[in-house]
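Undergrad: Structure in structure tokens, see below.
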Amino acid sequence: MAEVAADSRRRGLSLMRLFGIRVQVDPSWGVIFALVLWSLGAGYLPREQPGLPGAAYWAAALAGALGLFASILTHELAHALAARRIGLPVDSITLFLFGGVSNLEREPPSPRVELQMALAGPLTSFGLALGFWALGHALPAPGAGLSGVLVRYLAWINVALGVFNLLPGFPLDGGRVLRAVLWWRTGSLLHATRLAARAGRGFGYGIALLGALSLFGGALLGGTWLVLIGLFLAAAASSSYRSLMIERTLERIGVQEAMVRDPVSVPASASVRELVEDYILARGYRGFPVLDEGRVVGVISVADAREVPPEQRDRVSVARRMQPLGDAQRIAPEASLAEALQQMNRTGQERLLVMRADRLMGLLTLTGLSRLWELREMLDAEGTEPLGAEGAQQSQTGEPGRQSS
Ligand SMILES: [Zn+2]
């Protein structure tokens with residue numbers, strides 16, 4: 001089930017907001033930061049500029065690691081700002097192992113737009129390299145010492161970032177350029193993505209192999225880096241094609257076809273204990289619409305109930321712990337599953353109330369969506385026709401079975 005879920009809800013640690021864009025880091029960045037710090041402070045800097053006290057190296061190493069971080073961030077911001085200028089909203093940027101990912105809410109509308117967005121990053125990195133190079137020349141030559149070494153390092157790191165990202169394998173920038181060209185030539189985004197992602201996987205495994213070879217050659221740190229980067233790239237290439245394919249399929253299915261009709265609802269006046277015993281455990285569902293005098297007022301889930309300590313569950317009402325009905329919790333029956341997934345992704349909701357005006361028509365859950373996808377894949381693998389509306393409906397009513405998983 002993980003594909004729909006994992007891909008759409010990839011989250012990192014939020015760092016800050018820049019130009020209205022949330023900047024987050026993947027937890028892997030902690031390891032990367034430490035590795036960079038260590039390789040600069042214990043290896044590169046003492047080698048380039050010997051004979052200084054240890055503290056000076058570590059201070060410079062910290063500045064270098066922060067400079068690398070800022071360089072990657074600037075590269076990613078360039079993509080995001082280019083996307084926004086063209087009219088594609090960017091919600092957040094996530095910094096990864098070797099770069100970043102701008103979390104676009106949808107795919108670029110044309111090859112031309114894709115090309116502009118893809119090139120913005122590497123061009124910015126080359127611009128930064130030029131800036132650091134010029135700064136290095138502006139420093140007084142003999143006295144520059146460690147700061148000179150640092151500035152030259154940052155100039156090179158930005159050249160490397162630009163060049164690496166221009167490798168023609170999706171989802172790297174160069175792969176996006178390749179995809180834009182293929183898209184423009186063939187007219188098919190899906191076909192172009194498949195080819196560009198295949199190239200991405202090829203480059204990924206190639207880089208990993210190179211890393212493995214240099215590991216055997218004794219280059220422990222450099223080899224490990226390459227293996228990690230290569231495997232990561234290969235995985236990213238596969239998953240980006242998959243998620244596009246999923247999105248394309250989900251665009252063709254309406255929310256109405258996949259929702260649970262007439263879902264069981266909970267009265268707002270019920271206590272959390274009643275919710276747990278009479279609804280969650282008794283029926284095996286994970287979430288329920290909340291009704292007050294026949295009107296939908298919100299939605300409540302196992303997660304909301306769990307936050308209330310068992311001894312307080314008698315006294316706390318469902319109305320107090322539910323998520324009140326708002327735009328984030330509701331979706332129109334005419335919307336597509338792709339739109340529903342985008343909304344879940346954007347708002348962090350795992351279930352949406354399907355409503356027309358004030359009337360509750362059904363409940364759409366992320367688990368149900370994943371399950372629907374799983375069933376489709378099983379059927380597709382057997383060579384049968386893709387699942388229609390009827391099968392989708394059945395997969396949702398089978399949801400209680402998910403409790404055990
Ligand atoms: Zn880039």
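Just so we're on the same page: first chain in the structure tokens is A, next is B, and so on; residues restart at 1 for each chain, and ligands are numbered from 1 in the order they show up.
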So which residues are near ligand 1, meaning at most 8 Å away with only C-alpha atoms and all ligand atoms counted, given back as a list in words?
TA: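 Checked against 8 Å with only C-alpha atoms and all ligand atoms; the hits are His75, Glu76, His79, Gly99, Gly100, Val101, Ala118, Leu119, Ala120, Gly121, Pro122, Gly162, Asn165, Leu172 and Asp173 of chain A.
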Undergrad: Write out as number ranges by chain all residues of segment 188-363 of chain A that backbone DSSP assigns to strand (DSSP E).
TA: A: 260-261, 266-267, 287-292, 295-301, 323-324, 330-331, 351-356, 359-363
Undergrad: Write the residues of the selection above to a file with N, CA, C and O atoms, as a compact mmCIF listing (two decimals), in the first residue's frame.
TA:
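Now in selection.txt:
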```
# COMPACT_ATOMS: atom_id res chain seq x y z
N VAL A 260 -16.58 5.40 0.20
CA VAL A 260 -17.49 4.52 0.92
C VAL A 260 -18.81 5.28 1.00
O VAL A 260 -18.86 6.39 1.52
N ARG A 261 -19.88 4.65 0.47
CA ARG A 261 -21.19 5.33 0.53
C ARG A 261 -21.83 5.15 1.89
O ARG A 261 -21.59 4.14 2.56
N VAL A 266 -20.61 9.28 13.79
CA VAL A 266 -20.63 9.32 15.25
C VAL A 266 -21.34 10.60 15.68
O VAL A 266 -21.09 11.65 15.10
N PRO A 267 -22.22 10.53 16.71
CA PRO A 267 -22.82 11.78 17.20
C PRO A 267 -21.77 12.63 17.94
O PRO A 267 -20.92 12.08 18.64
N GLY A 287 -11.83 5.95 11.03
CA GLY A 287 -12.28 7.33 11.13
C GLY A 287 -13.76 7.45 10.81
O GLY A 287 -14.31 6.61 10.10
N PHE A 288 -14.40 8.48 11.36
CA PHE A 288 -15.84 8.65 11.19
C PHE A 288 -16.21 10.12 10.99
O PHE A 288 -15.62 10.99 11.62
N PRO A 289 -17.23 10.36 10.17
CA PRO A 289 -17.80 11.71 10.13
C PRO A 289 -18.51 11.95 11.47
O PRO A 289 -19.01 11.00 12.08
N VAL A 290 -18.53 13.20 11.92
CA VAL A 290 -19.21 13.53 13.17
C VAL A 290 -20.47 14.32 12.84
O VAL A 290 -20.42 15.31 12.10
N LEU A 291 -21.61 13.87 13.38
CA LEU A 291 -22.89 14.53 13.11
C LEU A 291 -23.42 15.20 14.36
O LEU A 291 -23.30 14.67 15.46
N ASP A 292 -24.02 16.38 14.15
CA ASP A 292 -24.70 17.06 15.24
C ASP A 292 -26.09 17.44 14.73
O ASP A 292 -26.20 18.25 13.82
N ARG A 295 -26.49 17.21 11.05
CA ARG A 295 -25.58 17.97 10.20
C ARG A 295 -24.14 17.54 10.43
O ARG A 295 -23.74 17.27 11.55
N VAL A 296 -23.37 17.50 9.34
CA VAL A 296 -21.96 17.13 9.48
C VAL A 296 -21.20 18.29 10.10
O VAL A 296 -21.27 19.41 9.61
N VAL A 297 -20.49 18.03 11.19
CA VAL A 297 -19.74 19.11 11.83
C VAL A 297 -18.23 18.85 11.86
O VAL A 297 -17.45 19.74 12.18
N GLY A 298 -17.80 17.63 11.49
CA GLY A 298 -16.36 17.38 11.52
C GLY A 298 -16.07 15.92 11.24
O GLY A 298 -16.93 15.16 10.80
N VAL A 299 -14.81 15.55 11.52
CA VAL A 299 -14.38 14.18 11.29
C VAL A 299 -13.43 13.82 12.42
O VAL A 299 -12.70 14.67 12.95
N ILE A 300 -13.47 12.56 12.85
CA ILE A 300 -12.60 12.14 13.96
C ILE A 300 -12.00 10.78 13.63
O ILE A 300 -12.63 9.96 12.96
N SER A 301 -10.76 10.56 14.08
CA SER A 301 -10.07 9.32 13.74
C SER A 301 -9.45 8.67 14.97
O SER A 301 -9.43 9.26 16.05
N GLN A 323 -11.83 17.02 14.26
CA GLN A 323 -11.36 18.11 13.41
C GLN A 323 -12.59 18.74 12.80
O GLN A 323 -13.30 18.10 12.04
N PRO A 324 -12.86 20.00 13.15
CA PRO A 324 -14.08 20.65 12.66
C PRO A 324 -14.10 20.72 11.13
O PRO A 324 -13.05 20.83 10.51
N ARG A 330 -13.22 18.46 3.32
CA ARG A 330 -14.30 18.09 2.41
C ARG A 330 -13.87 18.14 0.95
O ARG A 330 -12.96 18.87 0.58
N ILE A 331 -14.53 17.36 0.14
CA ILE A 331 -14.25 17.37 -1.30
C ILE A 331 -15.56 17.08 -2.03
O ILE A 331 -16.45 16.40 -1.50
N ARG A 351 -8.43 11.30 5.55
CA ARG A 351 -9.78 10.97 5.08
C ARG A 351 -10.53 12.25 4.75
O ARG A 351 -10.39 13.26 5.43
N LEU A 352 -11.29 12.18 3.69
CA LEU A 352 -12.04 13.35 3.23
C LEU A 352 -13.53 13.02 3.24
O LEU A 352 -13.94 11.92 2.89
N LEU A 353 -14.31 14.02 3.67
CA LEU A 353 -15.76 13.88 3.62
C LEU A 353 -16.20 14.29 2.23
O LEU A 353 -15.90 15.39 1.77
N VAL A 354 -16.88 13.39 1.54
CA VAL A 354 -17.37 13.72 0.20
C VAL A 354 -18.74 14.37 0.37
O VAL A 354 -19.68 13.74 0.85
N MET A 355 -18.83 15.64 0.02
CA MET A 355 -20.06 16.38 0.31
C MET A 355 -20.52 17.18 -0.89
O MET A 355 -19.71 17.76 -1.61
N ARG A 356 -21.84 17.19 -1.08
CA ARG A 356 -22.43 18.12 -2.04
C ARG A 356 -23.26 19.09 -1.21
O ARG A 356 -24.17 18.67 -0.53
N ARG A 359 -24.76 18.13 2.22
CA ARG A 359 -25.13 16.72 2.31
C ARG A 359 -23.89 15.82 2.23
O ARG A 359 -23.07 15.95 1.32
N LEU A 360 -23.79 14.91 3.20
CA LEU A 360 -22.69 13.95 3.21
C LEU A 360 -23.02 12.80 2.26
O LEU A 360 -24.04 12.16 2.39
N MET A 361 -22.12 12.56 1.28
CA MET A 361 -22.40 11.51 0.31
C MET A 361 -21.52 10.28 0.55
O MET A 361 -21.89 9.18 0.20
N GLY A 362 -20.35 10.52 1.15
CA GLY A 362 -19.48 9.37 1.38
C GLY A 362 -18.20 9.78 2.08
O GLY A 362 -18.01 10.94 2.44
N LEU A 363 -17.33 8.79 2.23
CA LEU A 363 -16.06 9.01 2.91
C LEU A 363 -14.95 8.42 2.04
O LEU A 363 -15.07 7.29 1.56
```
Undergrad: Check the smallest atom-to-atom distance from each of A:Trp373, A:Phe170, A:Tyr285, A:Trp183 to Ala234 of chain A using only C-alpha atoms, then report the winner.
TA: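 The closest residue to Ala234 of chain A is A:Phe170.
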Undergrad: Which residues are close to Leu250 of chain A, i.e. within 10 Å by only C-alpha atoms, leaving aside same-chain residues fewer than 6 positions away? Reply as number ranges by chain.
TA: A: 244, 336-341, 369, 373
Undergrad: Please save N, CA, C and O atoms of the selected residues as a PDB file, in the first residue's frame.
TA:
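Ended up saving to selection07.pdb:
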```
ATOM      1  N   LEU A 244       3.946   9.312 -11.274  1.00  0.00           N
ATOM      2  CA  LEU A 244       3.281   9.995 -12.392  1.00  0.00           C
ATOM      3  C   LEU A 244       2.216   9.078 -12.999  1.00  0.00           C
ATOM      4  O   LEU A 244       1.116   9.506 -13.344  1.00  0.00           O
ATOM      5  N   SER A 336     -11.651  14.449  -9.059  1.00  0.00           N
ATOM      6  CA  SER A 336     -10.959  13.204  -9.413  1.00  0.00           C
ATOM      7  C   SER A 336     -10.153  12.700  -8.214  1.00  0.00           C
ATOM      8  O   SER A 336      -9.872  13.457  -7.290  1.00  0.00           O
ATOM      9  N   LEU A 337      -9.790  11.434  -8.269  1.00  0.00           N
ATOM     10  CA  LEU A 337      -8.973  10.885  -7.184  1.00  0.00           C
ATOM     11  C   LEU A 337      -7.612  11.571  -7.114  1.00  0.00           C
ATOM     12  O   LEU A 337      -7.024  11.698  -6.046  1.00  0.00           O
ATOM     13  N   ALA A 338      -7.120  12.031  -8.287  1.00  0.00           N
ATOM     14  CA  ALA A 338      -5.845  12.759  -8.281  1.00  0.00           C
ATOM     15  C   ALA A 338      -5.977  14.037  -7.466  1.00  0.00           C
ATOM     16  O   ALA A 338      -5.095  14.378  -6.665  1.00  0.00           O
ATOM     17  N   GLU A 339      -7.091  14.746  -7.649  1.00  0.00           N
ATOM     18  CA  GLU A 339      -7.311  15.973  -6.871  1.00  0.00           C
ATOM     19  C   GLU A 339      -7.438  15.648  -5.390  1.00  0.00           C
ATOM     20  O   GLU A 339      -6.928  16.379  -4.533  1.00  0.00           O
ATOM     21  N   ALA A 340      -8.135  14.537  -5.096  1.00  0.00           N
ATOM     22  CA  ALA A 340      -8.307  14.140  -3.698  1.00  0.00           C
ATOM     23  C   ALA A 340      -6.946  13.859  -3.052  1.00  0.00           C
ATOM     24  O   ALA A 340      -6.669  14.293  -1.941  1.00  0.00           O
ATOM     25  N   LEU A 341      -6.092  13.158  -3.798  1.00  0.00           N
ATOM     26  CA  LEU A 341      -4.776  12.817  -3.278  1.00  0.00           C
ATOM     27  C   LEU A 341      -3.929  14.072  -3.066  1.00  0.00           C
ATOM     28  O   LEU A 341      -3.225  14.211  -2.063  1.00  0.00           O
ATOM     29  N   LEU A 369      -7.814   4.268  -0.819  1.00  0.00           N
ATOM     30  CA  LEU A 369      -7.184   4.606  -2.094  1.00  0.00           C
ATOM     31  C   LEU A 369      -6.013   3.680  -2.388  1.00  0.00           C
ATOM     32  O   LEU A 369      -5.870   3.175  -3.501  1.00  0.00           O
ATOM     33  N   TRP A 373      -5.612   0.873  -5.325  1.00  0.00           N
ATOM     34  CA  TRP A 373      -4.469   0.832  -6.228  1.00  0.00           C
ATOM     35  C   TRP A 373      -3.829  -0.558  -6.240  1.00  0.00           C
ATOM     36  O   TRP A 373      -3.473  -1.103  -7.278  1.00  0.00           O
TER      37      TRP A 373
END
```
Undergrad: Within 8 Å of Leu226 of chain A, counting only C-alpha atoms, which residues qualify if same-chain residues fewer than 3 places away don't, as a list of chain:residue names?
TA: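 These residues fall inside the cut-off: A:Ile207, A:Ala208, A:Leu210, A:Gly211, A:Ala212, A:Gly222, A:Gly223, A:Ile229, A:Gly230.
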Undergrad: For the selection just defined, write its residues with N, CA, C and O atoms to a file, as a compact mmCIF listing (two decimals), in the first residue's frame.
TA:
```txt
# COMPACT_ATOMS: atom_id res chain seq x y z
N ILE A 207 26.60 5.03 -11.16
CA ILE A 207 27.31 5.77 -10.11
C ILE A 207 27.59 4.86 -8.92
O ILE A 207 28.69 4.87 -8.35
N ALA A 208 26.58 4.04 -8.56
CA ALA A 208 26.76 3.12 -7.42
C ALA A 208 27.89 2.12 -7.70
O ALA A 208 28.70 1.82 -6.83
N LEU A 210 30.44 2.57 -9.74
CA LEU A 210 31.68 3.33 -9.66
C LEU A 210 32.12 3.46 -8.20
O LEU A 210 33.30 3.30 -7.87
N GLY A 211 31.12 3.74 -7.33
CA GLY A 211 31.39 3.87 -5.90
C GLY A 211 31.92 2.57 -5.32
O GLY A 211 32.88 2.56 -4.56
N ALA A 212 31.27 1.46 -5.71
CA ALA A 212 31.69 0.15 -5.20
C ALA A 212 33.12 -0.15 -5.63
O ALA A 212 33.93 -0.62 -4.83
N GLY A 222 34.79 8.52 -0.20
CA GLY A 222 34.32 8.85 -1.54
C GLY A 222 33.47 7.74 -2.14
O GLY A 222 32.42 7.99 -2.74
N GLY A 223 33.90 6.48 -1.91
CA GLY A 223 33.16 5.35 -2.43
C GLY A 223 31.77 5.23 -1.83
O GLY A 223 30.78 5.03 -2.53
N ILE A 229 24.61 7.90 -3.25
CA ILE A 229 24.01 8.81 -4.24
C ILE A 229 23.42 8.01 -5.39
O ILE A 229 22.29 8.25 -5.84
N GLY A 230 24.17 7.01 -5.86
CA GLY A 230 23.72 6.21 -6.99
C GLY A 230 22.44 5.45 -6.69
O GLY A 230 21.47 5.49 -7.46
```
Undergrad: Counting only C-alpha atoms, which residues in segment 64-134 of chain A sit no more than 10 Å from segment 150-154 of chain A? For each one, give the nearest pair of atoms and the distance in Å, sorted by chain then residue number, as CSV.
TA:
```
residue,atom,partner,partner_atom,distance
A:Gly64,CA,A:Leu150,CA,6.3
A:Ala65,CA,A:Leu154,CA,9.3
A:Gly67,CA,A:Leu154,CA,6.9
A:Leu68,CA,A:Leu154,CA,6.8
A:Ser71,CA,A:Leu154,CA,8.2
A:Leu128,CA,A:Leu154,CA,8.6
A:Ala129,CA,A:Leu154,CA,7.1
A:Gly131,CA,A:Val151,CA,9.5
A:Phe132,CA,A:Val151,CA,5.7
A:Trp133,CA,A:Arg152,CA,6.3
A:Ala134,CA,A:Val151,CA,9.3
```
Undergrad: Using only C-alpha atoms, which of the listed residues (A:Ala60, A:Val113, A:Leu123, A:Met259) sits closest to Leu146 of chain A?
TA: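 Among A:Ala60, A:Val113, A:Leu123, A:Met259, it is A:Ala60 that comes nearest to Leu146 of chain A.
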Undergrad: Could you tell me how far atom CA of Phe126 of chain A lies from atom CA of Ser239 of chain A, in Å and to one decimal?
TA: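 Here the two named atoms are 28.6 Å from each other.
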Undergrad: Within segment 223-364 of chain A, find each residue whose DSSP state, derived from the backbone, is alpha helix (DSSP H), and express the selection as a PyMOL selection string.
TA: chain A and resi 223-250+255-258+272-274+282-283+302-306+318-321+337-347
Undergrad: I'd like the neighbourhood of Val316 of chain A as number ranges by chain, where a residue qualifies if any of its atoms comes within 10 Å (using only C-alpha atoms), though same-chain residues fewer than 5 positions away should be ignored.
TA: A: 269-273, 305, 308-309, 311, 321
Undergrad: Compare A:Val159, A:Arg283, A:Asp358, A:Leu366 by their minimum atom-to-atom distance to Met344 of chain A, counting only C-alpha atoms, and give me the closest one.
TA: A:Leu366
Undergrad: With distances taken over only C-alpha atoms, which of A:Ala235, A:Leu45, A:Leu166, A:Met16 is nearest to Ala63 of chain A?
TA: A:Leu45
